[in-house]
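First up is the structure itself, then whatever we jot down about it.
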Amino acid sequence: MLHIPCPYCGPRDETEFHYGAEAHIAYPENPQSLDDAAWAKFVFIKANPKGWLAERWVHSAGCRRWFNVWRNTITHEFGPAYKPFTQQPKRPA
Amino acid sequence: MATTTRRRSVELPDHPDFLWANNITPKKSYDVIIIGAGGHGLATAYYLAKNHGITNVAILEKGWLAGGNMGRNTTIIRSNYLWDESAGIYDHSLKLWENLEEEVGYEMFFSQRGVMTLAHSVSDVRSKQRNFYANYVNDVDSVWLTPAEIKEIAPIVNISEDIRYPVMGATYQARGGIAKHDWVAWGYAKAAADMGVDIIQGCEVTGFNIVDGKVQGVKTNMGDIAAGKVGMVAAGHTSVLAAMAGFDVPLQSRPLQALVSELLEQVLDTVIMSGAVHVYVSQAHKGELVMGAGTDSYNSYAQRGGFHVIEHQLAAACELFPIFERAHLLRTWGGIVDISPDASPIIGRTPVENLFINSGWGTGGFKATPGSGWVMAATIASGEPDKLAAPYALDRFISGHLIDEHGAAGVAH
């Protein structure tokens, strides 16, 4: 089980969280101007790297707040966790 | 503590002959390169040779043959999907299974012992019955079972009304069943190699040679290999390959875990699945109970998952099958499955000319092995999507013509 570093509560068991996949996907600024391919990219394409991924989690059974965190998809190691709308820490080496 | 010395036995038998040529040095060029020697890749190469006469083919495998999901699945075979497109490809696959051992001349322990999918609530009953009628319309064999009829086929199921997820009915596909996954891979590998296909293990694709939007070959740890056409059949690693070729795929790679018990006397001679409680179970020929869980929630390439997923699943299994409480867990493992947004595969052309994709089979690819290889081979051979594969094109996520088996199949699928 992952031990997830909630930036509000500190590390907690994975079972307290729900996953939100890739972080930093902004809603399109001019939705009217998007064609089908651009919508498809916004709706369906999520980063799926082998290595470090900046992703979202929500602490459902804790503070119930969303946050972002770097996690390595090969080792499951966590990098820095950070609150939404704050500066994204650098991708861990 | 006393030490023991191990004596080497005097005469060891020779290693048995390999079923296919090993330690092949790749040729400089092939008509077709298939990336991935899992079930679908092997089947693709087999049908390229058998159905289309294309034998100058290499299968490149970064690990070992059938070492990924082909060796990690729970071997369930069925075709009772909801949508017409799914019925088309999965039932074609089931029909191929029915003659496969004879066709390739290799034992695969294909056993049509039936697949039962349980319903546990009123809405579950309605959706399963909808599925059952859809199968009927599509000529896919399916029957509806009452709890009493379920008990007749599988006496160990708890049909008491007083459990957390009472059993209220089930769909049953008698033609469904299981096969021995490694033997399936070996059978396809041997038959493909016999027709001239090179199976090259330990050969990792590290890039593509693409000129003017057209693939010319691949870069590997064994050097560059030219190819007229290339097929990516890499399951959980498809996103990694697509990134090398410069396009996006709507896939997320997740761990899917499975487990076996110790060897037990035969207690279950059918396959039982339950989407609502995240359990699917069959009993292998040797006697171990084979069970699968739901996917872990996060992206991963680690081929392992959290033990709480196993615990959750075993709790449900023990309630449905009280007799399992005395069984011991022998082994758990994980594979990396590529989940698409509609839980249906992605098969066909890519933005790169002559580079084809076969991916997104998610948690249910094993059953599709023959059908997937069949349509992928036809697509590669002609350059045009096979009729059964056409609905599964990558551009359906732009057109919106999704094949939503997520909603239809629940989870286990």
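Residues in the structure tokens are numbered from 1 in each chain, the chains being A, B, ... in the order shown, and ligands are numbered from 1 in the order shown.
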Next on the checklist: Show me, as a list of chain:residue names, the residues of chain A whose atoms get within 7 Å of chain B, using only C-alpha atoms for the distance check.
Outcome noted: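 The contacting residues on chain A are A:Met1, A:Tyr19, A:Asp36, A:Ala37, A:Ala40, A:Phe44, A:Ile45, A:Lys46, A:Asn48, A:Pro49, A:Lys50, A:Thr73, A:Ile74, A:Thr75.
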Item to check | Filtered DSSP result for chain A, state helix (DSSP H, G or I), as a PyMOL selection string | outcome: chain A and resi 14-16+31-33+36-44
Item to check | B:Ser261 environment, 10 Å, only C-alpha atoms, sequence neighbours closer than 4 positions dropped, as a list in words | outcome: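 Final neighbour list, sorted by chain and number: Gln283, Gly287, Glu288, Leu289, Val290, Met291, Phe324, Ala327, His328, Leu329, Leu330, Arg331 and Thr332 of chain B.
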Can you pull out the residues contacting A:Trp66? Cut-off 10 Å, using only C-alpha atoms, and skip same-chain residues under 5 positions away; I want them as an mmCIF file with N, CA and C atoms, in the first residue's frame.
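Result written to selection.cif:
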```
data_model
loop_
_atom_site.group_PDB
_atom_site.id
_atom_site.type_symbol
_atom_site.label_atom_id
_atom_site.label_comp_id
_atom_site.auth_asym_id
_atom_site.auth_seq_id
_atom_site.Cartn_x
_atom_site.Cartn_y
_atom_site.Cartn_z
ATOM 1 N N CYS A 6 0.075 13.653 2.074
ATOM 2 C CA CYS A 6 -0.905 14.735 1.915
ATOM 3 C C CYS A 6 -0.262 16.032 2.429
ATOM 4 N N PRO A 7 -0.243 17.097 1.626
ATOM 5 C CA PRO A 7 0.418 18.335 2.071
ATOM 6 C C PRO A 7 -0.327 19.031 3.213
ATOM 7 N N TYR A 8 -1.565 18.600 3.471
ATOM 8 C CA TYR A 8 -2.328 19.196 4.573
ATOM 9 C C TYR A 8 -2.197 18.369 5.858
ATOM 10 N N PHE A 17 -7.374 7.673 0.162
ATOM 11 C CA PHE A 17 -7.311 8.600 -0.973
ATOM 12 C C PHE A 17 -8.032 8.056 -2.205
ATOM 13 N N HIS A 18 -8.362 8.970 -3.096
ATOM 14 C CA HIS A 18 -8.749 8.590 -4.453
ATOM 15 C C HIS A 18 -7.815 9.276 -5.442
ATOM 16 N N TYR A 19 -7.654 8.599 -6.560
ATOM 17 C CA TYR A 19 -6.664 9.027 -7.547
ATOM 18 C C TYR A 19 -7.269 9.977 -8.567
ATOM 19 N N GLY A 20 -6.475 10.932 -9.024
ATOM 20 C CA GLY A 20 -6.973 11.882 -10.022
ATOM 21 C C GLY A 20 -6.140 11.982 -11.280
ATOM 22 N N ARG A 56 -2.609 13.999 -9.403
ATOM 23 C CA ARG A 56 -3.530 14.516 -8.399
ATOM 24 C C ARG A 56 -4.051 13.382 -7.525
ATOM 25 N N TRP A 57 -4.250 13.675 -6.270
ATOM 26 C CA TRP A 57 -4.946 12.777 -5.356
ATOM 27 C C TRP A 57 -5.923 13.614 -4.547
ATOM 28 N N VAL A 58 -6.975 12.982 -4.041
ATOM 29 C CA VAL A 58 -7.867 13.663 -3.112
ATOM 30 C C VAL A 58 -7.905 12.829 -1.828
ATOM 31 N N HIS A 59 -7.762 13.527 -0.693
ATOM 32 C CA HIS A 59 -7.704 12.834 0.595
ATOM 33 C C HIS A 59 -9.138 12.614 1.105
ATOM 34 N N SER A 60 -9.836 11.716 0.452
ATOM 35 C CA SER A 60 -11.285 11.530 0.664
ATOM 36 C C SER A 60 -11.649 11.242 2.116
ATOM 37 N N TYR A 82 2.415 19.062 -3.249
ATOM 38 C CA TYR A 82 2.190 20.505 -3.209
ATOM 39 C C TYR A 82 0.722 20.820 -3.425
ATOM 40 N N LYS A 83 0.317 21.975 -2.873
ATOM 41 C CA LYS A 83 -1.084 22.363 -2.955
ATOM 42 C C LYS A 83 -1.400 22.936 -4.334
ATOM 43 N N PRO A 84 -2.662 22.829 -4.746
ATOM 44 C CA PRO A 84 -3.043 23.393 -6.042
ATOM 45 C C PRO A 84 -2.763 24.893 -6.079
#
```
Checklist entry - So which residues of stretch 318-394 of chain B fall under strand (DSSP E or B) by DSSP, listed as an NGL selection string? => result :B and (329-339 or 346-349 or 353 or 355-359)
Convert the current residue selection to file output with N, CA and C atoms, as a PDB file, in the first residue's frame.
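Result file follows (result_5.pdb):
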```pdb
ATOM      1  N   LEU B 329      -3.599 -18.712   0.631  1.00  0.00           N
ATOM      2  CA  LEU B 329      -3.099 -17.953  -0.505  1.00  0.00           C
ATOM      3  C   LEU B 329      -1.672 -18.417  -0.783  1.00  0.00           C
ATOM      4  N   LEU B 330      -1.418 -18.788  -2.029  1.00  0.00           N
ATOM      5  CA  LEU B 330      -0.083 -19.283  -2.353  1.00  0.00           C
ATOM      6  C   LEU B 330       0.784 -18.184  -2.951  1.00  0.00           C
ATOM      7  N   ARG B 331       0.214 -17.389  -3.835  1.00  0.00           N
ATOM      8  CA  ARG B 331       1.042 -16.470  -4.599  1.00  0.00           C
ATOM      9  C   ARG B 331       0.162 -15.349  -5.165  1.00  0.00           C
ATOM     10  N   THR B 332       0.661 -14.135  -5.160  1.00  0.00           N
ATOM     11  CA  THR B 332      -0.020 -13.033  -5.854  1.00  0.00           C
ATOM     12  C   THR B 332       0.988 -12.379  -6.788  1.00  0.00           C
ATOM     13  N   TRP B 333       0.481 -11.732  -7.811  1.00  0.00           N
ATOM     14  CA  TRP B 333       1.377 -11.043  -8.743  1.00  0.00           C
ATOM     15  C   TRP B 333       0.586  -9.947  -9.445  1.00  0.00           C
ATOM     16  N   GLY B 334       1.267  -9.138 -10.207  1.00  0.00           N
ATOM     17  CA  GLY B 334       0.587  -8.071 -10.935  1.00  0.00           C
ATOM     18  C   GLY B 334       1.101  -7.953 -12.354  1.00  0.00           C
ATOM     19  N   GLY B 335       0.256  -7.454 -13.215  1.00  0.00           N
ATOM     20  CA  GLY B 335       0.656  -7.131 -14.583  1.00  0.00           C
ATOM     21  C   GLY B 335       0.241  -5.709 -14.866  1.00  0.00           C
ATOM     22  N   ILE B 336       0.809  -5.115 -15.914  1.00  0.00           N
ATOM     23  CA  ILE B 336       0.469  -3.724 -16.232  1.00  0.00           C
ATOM     24  C   ILE B 336      -0.460  -3.699 -17.436  1.00  0.00           C
ATOM     25  N   VAL B 337      -1.691  -3.273 -17.177  1.00  0.00           N
ATOM     26  CA  VAL B 337      -2.691  -3.267 -18.244  1.00  0.00           C
ATOM     27  C   VAL B 337      -2.901  -1.846 -18.752  1.00  0.00           C
ATOM     28  N   ASP B 338      -3.214  -1.754 -20.043  1.00  0.00           N
ATOM     29  CA  ASP B 338      -3.413  -0.448 -20.679  1.00  0.00           C
ATOM     30  C   ASP B 338      -4.911  -0.204 -20.814  1.00  0.00           C
ATOM     31  N   ILE B 339      -5.387   0.753 -20.018  1.00  0.00           N
ATOM     32  CA  ILE B 339      -6.823   1.023 -19.959  1.00  0.00           C
ATOM     33  C   ILE B 339      -7.158   2.188 -20.892  1.00  0.00           C
ATOM     34  N   ILE B 346      -7.847  -0.476 -28.886  1.00  0.00           N
ATOM     35  CA  ILE B 346      -7.526   0.471 -29.962  1.00  0.00           C
ATOM     36  C   ILE B 346      -6.723  -0.305 -30.998  1.00  0.00           C
ATOM     37  N   ILE B 347      -7.300  -0.475 -32.177  1.00  0.00           N
ATOM     38  CA  ILE B 347      -6.668  -1.306 -33.207  1.00  0.00           C
ATOM     39  C   ILE B 347      -6.702  -0.546 -34.528  1.00  0.00           C
ATOM     40  N   GLY B 348      -5.569  -0.541 -35.232  1.00  0.00           N
ATOM     41  CA  GLY B 348      -5.600   0.036 -36.574  1.00  0.00           C
ATOM     42  C   GLY B 348      -4.417   0.916 -36.884  1.00  0.00           C
ATOM     43  N   ARG B 349      -4.690   1.908 -37.753  1.00  0.00           N
ATOM     44  CA  ARG B 349      -3.620   2.797 -38.194  1.00  0.00           C
ATOM     45  C   ARG B 349      -3.265   3.806 -37.112  1.00  0.00           C
ATOM     46  N   GLU B 353       2.491   6.577 -40.982  1.00  0.00           N
ATOM     47  CA  GLU B 353       2.139   5.622 -42.023  1.00  0.00           C
ATOM     48  C   GLU B 353       2.886   4.297 -41.829  1.00  0.00           C
ATOM     49  N   LEU B 355       2.732   2.271 -39.561  1.00  0.00           N
ATOM     50  CA  LEU B 355       2.886   1.886 -38.151  1.00  0.00           C
ATOM     51  C   LEU B 355       1.485   1.634 -37.602  1.00  0.00           C
ATOM     52  N   PHE B 356       1.263   0.430 -37.111  1.00  0.00           N
ATOM     53  CA  PHE B 356      -0.076   0.024 -36.672  1.00  0.00           C
ATOM     54  C   PHE B 356      -0.079  -0.218 -35.162  1.00  0.00           C
ATOM     55  N   ILE B 357      -1.267  -0.077 -34.597  1.00  0.00           N
ATOM     56  CA  ILE B 357      -1.375  -0.197 -33.146  1.00  0.00           C
ATOM     57  C   ILE B 357      -2.409  -1.270 -32.798  1.00  0.00           C
ATOM     58  N   ASN B 358      -2.140  -2.012 -31.737  1.00  0.00           N
ATOM     59  CA  ASN B 358      -3.105  -2.957 -31.179  1.00  0.00           C
ATOM     60  C   ASN B 358      -2.914  -2.890 -29.673  1.00  0.00           C
ATOM     61  N   SER B 359      -3.816  -2.208 -28.991  1.00  0.00           N
ATOM     62  CA  SER B 359      -3.589  -1.928 -27.572  1.00  0.00           C
ATOM     63  C   SER B 359      -4.917  -1.692 -26.878  1.00  0.00           C
TER      64      SER B 359
END
```
Item to check | Residues within 12 Å of B:Asp162, only C-alpha atoms, excluding chain neighbours under 3 positions, as a PyMOL selection string | outcome: chain B and resi 120+158-159+165-168+319-320
Since we have the selection now, will you write its residues out, keeping N, CA, C and O atoms, as an mmCIF file, in the first residue's frame?
```cif
data_model
loop_
_atom_site.group_PDB
_atom_site.id
_atom_site.type_symbol
_atom_site.label_atom_id
_atom_site.label_comp_id
_atom_site.auth_asym_id
_atom_site.auth_seq_id
_atom_site.Cartn_x
_atom_site.Cartn_y
_atom_site.Cartn_z
ATOM 1 N N HIS B 120 -26.010 -8.834 -8.159
ATOM 2 C CA HIS B 120 -26.179 -8.750 -6.700
ATOM 3 C C HIS B 120 -27.173 -7.702 -6.226
ATOM 4 O O HIS B 120 -27.312 -7.478 -5.040
ATOM 5 N N ASN B 158 -22.645 -19.276 -2.192
ATOM 6 C CA ASN B 158 -23.566 -18.941 -1.116
ATOM 7 C C ASN B 158 -24.723 -18.126 -1.702
ATOM 8 O O ASN B 158 -24.532 -16.980 -2.111
ATOM 9 N N ILE B 159 -25.942 -18.724 -1.752
ATOM 10 C CA ILE B 159 -27.074 -17.975 -2.310
ATOM 11 C C ILE B 159 -28.021 -17.490 -1.214
ATOM 12 O O ILE B 159 -29.165 -17.131 -1.474
ATOM 13 N N TYR B 165 -23.680 -8.992 -0.351
ATOM 14 C CA TYR B 165 -23.982 -8.917 -1.770
ATOM 15 C C TYR B 165 -24.726 -10.185 -2.190
ATOM 16 O O TYR B 165 -24.119 -11.101 -2.734
ATOM 17 N N PRO B 166 -26.030 -10.273 -1.880
ATOM 18 C CA PRO B 166 -26.760 -11.503 -2.182
ATOM 19 C C PRO B 166 -26.723 -11.813 -3.681
ATOM 20 O O PRO B 166 -26.663 -10.900 -4.503
ATOM 21 N N VAL B 167 -26.751 -13.094 -4.008
ATOM 22 C CA VAL B 167 -26.729 -13.519 -5.405
ATOM 23 C C VAL B 167 -28.164 -13.549 -5.928
ATOM 24 O O VAL B 167 -28.980 -14.333 -5.458
ATOM 25 N N MET B 168 -28.483 -12.681 -6.874
ATOM 26 C CA MET B 168 -29.876 -12.561 -7.331
ATOM 27 C C MET B 168 -30.101 -13.126 -8.722
ATOM 28 O O MET B 168 -31.219 -13.120 -9.231
ATOM 29 N N GLU B 319 -17.032 -14.509 1.263
ATOM 30 C CA GLU B 319 -18.458 -14.398 1.540
ATOM 31 C C GLU B 319 -19.279 -15.155 0.490
ATOM 32 O O GLU B 319 -20.230 -15.854 0.808
ATOM 33 N N LEU B 320 -18.855 -15.031 -0.747
ATOM 34 C CA LEU B 320 -19.584 -15.716 -1.824
ATOM 35 C C LEU B 320 -19.357 -17.222 -1.792
ATOM 36 O O LEU B 320 -20.232 -18.003 -2.129
#
```
